[in-house]
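See structure below.
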2 protein chains.
Amino acid sequence: MDVVIVGSVALDDVRTPAGEVKNALGGSAVYASLAAGFFARTGVVGVVGDDFPEAYRQVLVSRGIRLDGLESAPGRTFHWSGTYEGDLSGARTLDTQLNVFARFTPKLPDAFRRAPYLFLANIDPDLQASVLDQVPRPRFTLLDTMNYWIQNKRGPLLSLLPRVDMLVVNDAEARQLSGESQLLQAAAWLKARGLRGVVIKKGEHGALVFWEDRLWSLPAVPLEEVRDPTGAGDTFAGGFIGALALLGRDAADPWPMAASLGTVLASFTVEAFSVQGLTRLDEGRIRERYTRLRDLTVMHEFPDWGWTGPTSDGGPSFRKKERT
Amino acid sequence: MDVVIVGSVALDDVRTPAGEVKNALGGSAVYASLAAGFFARTGVVGVVGDDFPEAYRQVLVSRGIRLDGLESAPGRTFHWSGTYEGDLSGARTLDTQLNVFARFTPKLPDAFRRAPYLFLANIDPDLQASVLDQVPRPRFTLLDTMNYWIQNKRGPLLSLLPRVDMLVVNDAEARQLSGESQLLQAAAWLKARGLRGVVIKKGEHGALVFWEDRLWSLPAVPLEEVRDPTGAGDTFAGGFIGALALLGRDAADPWPMAASLGTVLASFTVEAFSVQGLTRLDEGRIRERYTRLRDLTVMHEFPDWGWTGPTSDGGPSFRKKERT
């Protein structure tokens, strides 16, 4: 096992201007594991109820995802209902039924405890801490959270930061958690609490990736149509940690490539409802979209211009060098 | 003359969380010409009142900006008062006094009419049209506008689009003008009205540059502190058209470099009040920040990974190729 992902497995009702689905396969661990599974042997830790369809389990199994850590409990599966309006920039939650998730305590199978890459997807910080208690320090641990936990479990959440390597949050969450309005300062605040890196997701505006004293600013894939943003952040994080696992510890700068691969997979997620954007992918479409993303940002080196400084002759400060 | 810029020359009162200034040098043509002047011989067309300080005129002259087109009229100079709060993302206008601008009709000196690059900075679309009536079609014309004109002079504004090459607007203006919520579709709508290109500025999130069937997504320079955002968009546009003029028609893809140089200059503008961020610059600081911007986005080529497709062995779809 390369990557273990602990998070929610859900049945989602989602309505957007492009349509709606009911009892669709969803949850942070589902999106994240499907994404990570492109790049690494991936296992899920979570819980489902006795209403969870066998067909949904097969969606994961058929993509190579190990479900040894997916507990089945009496009762109903975690259920989320939400709607997106206008420019789809934010979900409005209509209903959350924790169901079997309310009594869930993550238990990692033995084979999972030695996985070098661990993603603590968005669940209660106390549950995330209980996972960390079960594993020897992995090579790399990524932590996600959300506004609800920042507001209601701030203490337990902050106490997790020195125990993980990197935090992945969106821009609003970074501001809320740090109290800083500028994202550079928010990242500095978070790193000062013991993190080695922070990813700040900005939706259609891409992502900032901070690792130690380095920074990258990566664009999103510009899309003609977004049908359902649900799971975009989870897909990003899963693709990110999966790609890190494949790139390995010998890669010089795995961060921008891993984040870009996460961005590419997230762009497929939002083009379709539920996980349909991820389950139809092939190598060509991933490679093509990665290359398109890369072409968006190609910047040349600074030109070989001469500098004259402030001028009194009405000419500019930079000038092309005379050909000699 | 390489670049002619038609726009406002203003005395600004600005208050931000970092401080305040009164009767400071401002206006779209001032920021844009100071920026363009780094790269190209630049002239300003505008109007000031008899209260406009000689020292402000000298700020422009000392940077090589030609003021032959800067009319002096009886009365007071255009005056804008605004304030920024919180994360400085938008200005709140407290007061606008058009003063001499109310009776202004741009008149281009003969030497200006043959300039190959023309920037119609943010003024009344009817005045922008009157400038176009005075010039033979320049090599390249860039048009700016704002929400006020989109709302109140939509017809005259739309009739300008087929007469210019490129429009530069922020994301909110692109959505307002096109009625499209997705920026790709907003740009497509605008280009369908006769433009060859569109720049959509996204503030701290960078800019999208559309030119014919090409697209670039460029980051902003991440800044520790923003003191006064006034003039950032004008600086960007001025630096952009100035750099286009210096790069010249033989440059293969001048667009991302020109936009990045505009972004770099705008990052200096917002770090200080009024034009102080621009008037203290030297080559080293511009080059250093351009290189920093470029390093933010470095993406490697897609790795030489093998693809196995969806797997049943619990392994990932992408794998490192075996060393043979």
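Residue numbering restarts at 1 in every chain; chains get A, B, ... in the order shown in the structure tokens, and ligands count up from 1 in that same order.
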message: Need to verify the contact set: segment 233-240 of chain A, 8 Å, only C-alpha atoms, exclusion of same-chain residues closer than 6 positions in sequence. Can you return it as a PyMOL selection string?
response: chain A and resi 28-29+31-39+119+121+168+201+258-266+269
message: Residues of chain B within 8 Å of chain A, counting only C-alpha atoms, what are they? List them as an MDAnalysis selection string.
response: chainID B and resid 37:42 61:66 86:87 181:182 184:185 205 215:219 222:225 246 256:257 282:283 287 290:291 294:302 307 309:320
Same residues, C-alpha atoms, output as a short mmCIF file (atom, residue, chain, number, x, y, z; two decimals), in the first residue's frame:
data_model
loop_
_atom_site.label_atom_id
_atom_site.label_comp_id
_atom_site.auth_asym_id
_atom_site.auth_seq_id
_atom_site.Cartn_x
_atom_site.Cartn_y
_atom_site.Cartn_z
CA GLY B 37 7.53 54.57 -20.34
CA PHE B 38 9.83 51.85 -19.07
CA PHE B 39 9.59 50.14 -22.44
CA ALA B 40 8.56 52.67 -25.09
CA ARG B 41 8.48 56.35 -26.05
CA THR B 42 5.16 57.31 -24.53
CA VAL B 61 8.62 64.52 -17.70
CA SER B 62 11.52 63.18 -15.66
CA ARG B 63 10.50 59.65 -16.65
CA GLY B 64 10.58 60.60 -20.33
CA ILE B 65 6.79 60.90 -20.80
CA ARG B 66 5.77 63.35 -23.55
CA GLY B 86 -10.45 44.68 4.75
CA ASP B 87 -8.57 42.66 2.15
CA SER B 181 -20.52 33.73 -15.61
CA GLN B 182 -17.66 31.51 -16.86
CA LEU B 184 -13.89 31.43 -20.96
CA GLN B 185 -17.37 32.04 -22.24
CA HIS B 205 -5.24 35.77 -8.88
CA LEU B 215 -4.82 31.40 -24.04
CA TRP B 216 -2.40 32.05 -21.19
CA SER B 217 -3.12 32.05 -17.46
CA LEU B 218 -0.54 34.06 -15.55
CA PRO B 219 -0.16 34.44 -11.81
CA PRO B 222 2.43 37.22 -4.31
CA LEU B 223 2.90 40.20 -2.01
CA GLU B 224 3.47 40.43 1.72
CA GLU B 225 1.72 43.77 1.95
CA LEU B 246 9.38 47.11 -27.39
CA PRO B 256 2.56 36.28 -21.95
CA MET B 257 5.78 38.24 -21.55
CA ASP B 282 15.44 50.23 -11.35
CA GLU B 283 16.28 47.44 -13.76
CA ARG B 287 14.20 41.78 -13.51
CA TYR B 290 9.91 39.02 -13.26
CA THR B 291 12.16 36.05 -12.55
CA ARG B 294 8.39 33.02 -13.74
CA ASP B 295 9.68 30.63 -11.07
CA LEU B 296 6.18 30.45 -9.55
CA THR B 297 4.82 28.64 -12.54
CA VAL B 298 7.59 26.34 -13.69
CA MET B 299 5.95 23.09 -14.75
CA HIS B 300 7.84 20.09 -15.94
CA GLU B 301 6.87 17.98 -18.93
CA PHE B 302 4.56 15.08 -18.34
CA TRP B 307 -0.02 3.38 -18.43
CA GLY B 309 -5.30 1.42 -17.58
CA PRO B 310 -7.78 0.47 -14.85
CA THR B 311 -6.20 -2.36 -12.94
CA SER B 312 -7.50 -5.38 -11.10
CA ASP B 313 -4.22 -6.11 -9.30
CA GLY B 314 -4.61 -3.25 -6.84
CA GLY B 315 -1.92 -1.23 -8.61
CA PRO B 316 -2.16 2.23 -10.14
CA SER B 317 -2.85 3.11 -13.77
CA PHE B 318 0.38 5.05 -14.19
CA ARG B 319 3.62 3.30 -13.24
CA LYS B 320 7.25 4.13 -13.49
#
message: Give me, as a ChimeraX atom specification, all polymer residues having an atom no more than 7 Å from segment 147-153 of chain B, counting only C-alpha atoms and skipping those fewer than 3 positions away in the same chain.
response: /B:124,156-157,173,177
Go ahead and save the picked residues with N, CA and C atoms, as an mmCIF file, in the first residue's frame.
data_model
loop_
_atom_site.group_PDB
_atom_site.id
_atom_site.type_symbol
_atom_site.label_atom_id
_atom_site.label_comp_id
_atom_site.auth_asym_id
_atom_site.auth_seq_id
_atom_site.Cartn_x
_atom_site.Cartn_y
_atom_site.Cartn_z
ATOM 1 N N ASP B 124 -14.961 57.912 -20.789
ATOM 2 C CA ASP B 124 -16.242 57.807 -21.495
ATOM 3 C C ASP B 124 -16.050 57.189 -22.887
ATOM 4 N N PRO B 156 -22.562 52.589 -26.971
ATOM 5 C CA PRO B 156 -21.310 53.163 -27.482
ATOM 6 C C PRO B 156 -20.090 52.290 -27.178
ATOM 7 N N LEU B 157 -20.093 51.635 -26.020
ATOM 8 C CA LEU B 157 -18.956 50.786 -25.664
ATOM 9 C C LEU B 157 -18.863 49.575 -26.597
ATOM 10 N N GLU B 173 -16.005 42.905 -14.608
ATOM 11 C CA GLU B 173 -16.415 43.661 -15.794
ATOM 12 C C GLU B 173 -16.650 42.729 -16.987
ATOM 13 N N LEU B 177 -20.236 42.710 -18.762
ATOM 14 C CA LEU B 177 -20.380 43.115 -20.157
ATOM 15 C C LEU B 177 -20.954 41.976 -21.002
#
- prompt: What is the distance between atom CA of Gly197 of chain B and atom CA of Ser159 of chain B, in Å to one decimal?
  reply: 15.9 Å
- request: Pick out each residue of segment 22-183 of chain A that DSSP on the backbone tags as strand (DSSP E or B); I need them as an NGL selection string.
  value: :A and (22-26 or 42-48 or 66-72 or 79-84 or 91-97 or 117-120 or 140-144 or 166-170)
Requested write-out: C-alpha atoms of the selected residues, as a tab-separated table (two decimals), in the first residue's frame:
chain	number	residue	atom	x	y	z
A	22	LYS	CA	-29.80	11.60	-5.95
A	23	ASN	CA	-27.95	9.06	-3.79
A	24	ALA	CA	-24.89	9.45	-5.99
A	25	LEU	CA	-21.52	8.04	-4.97
A	26	GLY	CA	-19.57	10.72	-3.13
A	42	THR	CA	-4.40	3.23	-2.61
A	43	GLY	CA	-6.53	2.08	0.30
A	44	VAL	CA	-9.59	3.68	1.87
A	45	VAL	CA	-10.50	3.90	5.56
A	46	GLY	CA	-14.11	4.84	6.23
A	47	VAL	CA	-17.55	3.50	6.99
A	48	VAL	CA	-20.71	2.77	5.03
A	66	ARG	CA	-8.29	-1.44	-1.64
A	67	LEU	CA	-11.34	-1.45	0.62
A	68	ASP	CA	-9.93	-3.49	3.53
A	69	GLY	CA	-10.36	-0.40	5.70
A	70	LEU	CA	-13.92	0.33	4.64
A	71	GLU	CA	-16.09	-0.74	7.57
A	72	SER	CA	-19.70	-1.75	7.07
A	79	HIS	CA	-25.80	11.41	3.32
A	80	TRP	CA	-25.16	14.95	2.06
A	81	SER	CA	-27.57	17.19	0.13
A	82	GLY	CA	-26.36	20.38	-1.48
A	83	THR	CA	-27.04	22.84	-4.22
A	84	TYR	CA	-24.91	25.19	-6.34
A	91	ALA	CA	-22.10	24.85	-2.27
A	92	ARG	CA	-25.12	25.49	-0.10
A	93	THR	CA	-25.69	22.53	2.21
A	94	LEU	CA	-29.37	21.60	2.42
A	95	ASP	CA	-28.99	18.61	4.73
A	96	THR	CA	-26.30	16.49	6.37
A	97	GLN	CA	-27.17	13.11	7.90
A	117	TYR	CA	1.71	8.36	2.35
A	118	LEU	CA	-1.33	9.25	4.44
A	119	PHE	CA	-4.14	11.64	3.55
A	120	LEU	CA	-6.43	12.71	6.38
A	140	PHE	CA	4.35	12.18	4.30
A	141	THR	CA	1.00	13.14	5.85
A	142	LEU	CA	-1.46	15.53	4.21
A	143	LEU	CA	-4.31	17.09	6.20
A	144	ASP	CA	-7.59	18.56	4.93
A	166	MET	CA	1.24	19.63	4.84
A	167	LEU	CA	-2.21	21.20	5.06
A	168	VAL	CA	-4.54	21.57	2.07
A	169	VAL	CA	-7.28	24.21	2.44
A	170	ASN	CA	-9.11	26.66	0.24
field: Residue contacts of Ile123 of chain A (8 Å, only C-alpha atoms) excluding same-chain residues fewer than 5 positions away, as a list in words
entry: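 So, after excluding close chain neighbours, the residues are Gly7, Ser8, Gln128 and Thr145 of chain A.
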Would you save the residues from that selection as an mmCIF file, in the first residue's frame, using all heavy atoms?
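Saved as again_1.cif:
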data_model
loop_
_atom_site.group_PDB
_atom_site.id
_atom_site.type_symbol
_atom_site.label_atom_id
_atom_site.label_comp_id
_atom_site.auth_asym_id
_atom_site.auth_seq_id
_atom_site.Cartn_x
_atom_site.Cartn_y
_atom_site.Cartn_z
ATOM 1 N N GLY A 7 -11.440 9.157 5.293
ATOM 2 C CA GLY A 7 -12.401 10.231 5.083
ATOM 3 C C GLY A 7 -13.800 9.677 4.945
ATOM 4 O O GLY A 7 -14.069 8.535 5.319
ATOM 5 N N SER A 8 -14.672 10.488 4.362
ATOM 6 C CA SER A 8 -16.068 10.085 4.274
ATOM 7 C C SER A 8 -16.351 9.339 2.980
ATOM 8 O O SER A 8 -15.745 9.584 1.942
ATOM 9 C CB SER A 8 -16.980 11.322 4.368
ATOM 10 O OG SER A 8 -16.717 12.216 3.310
ATOM 11 N N GLN A 128 -9.232 12.420 13.005
ATOM 12 C CA GLN A 128 -7.930 12.512 12.317
ATOM 13 C C GLN A 128 -6.798 12.219 13.304
ATOM 14 O O GLN A 128 -5.841 11.512 12.980
ATOM 15 C CB GLN A 128 -7.777 13.909 11.679
ATOM 16 C CG GLN A 128 -8.774 14.137 10.522
ATOM 17 C CD GLN A 128 -8.756 15.566 9.987
ATOM 18 O OE1 GLN A 128 -8.637 16.531 10.751
ATOM 19 N NE2 GLN A 128 -8.879 15.699 8.670
ATOM 20 N N THR A 145 -9.298 19.957 5.936
ATOM 21 C CA THR A 145 -10.323 20.286 6.919
ATOM 22 C C THR A 145 -11.368 21.179 6.255
ATOM 23 O O THR A 145 -11.360 21.318 5.031
ATOM 24 C CB THR A 145 -9.711 20.947 8.175
ATOM 25 O OG1 THR A 145 -10.699 20.998 9.199
ATOM 26 C CG2 THR A 145 -9.198 22.348 7.869
#
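When only C-alpha atoms are used to measure the gap to Glu271 of chain A, the shortest distance among A:Ala252, A:Ile200, A:Ala245, A:Ala232 belongs to A:Ala232.
In terms of minimum interatomic distance to Phe104 of chain B, B:Val6 ranks closest within B:Val199, B:Val6, B:Leu11, B:Leu160, counting only C-alpha atoms.
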field: Those in segment 52-279 of chain B with alpha helix (DSSP H) from DSSP, as number ranges by chain
entry: B: 54-62, 110-113, 125-134, 147-152, 154-160, 171-178, 183-191, 232-247, 254-269, 276-279
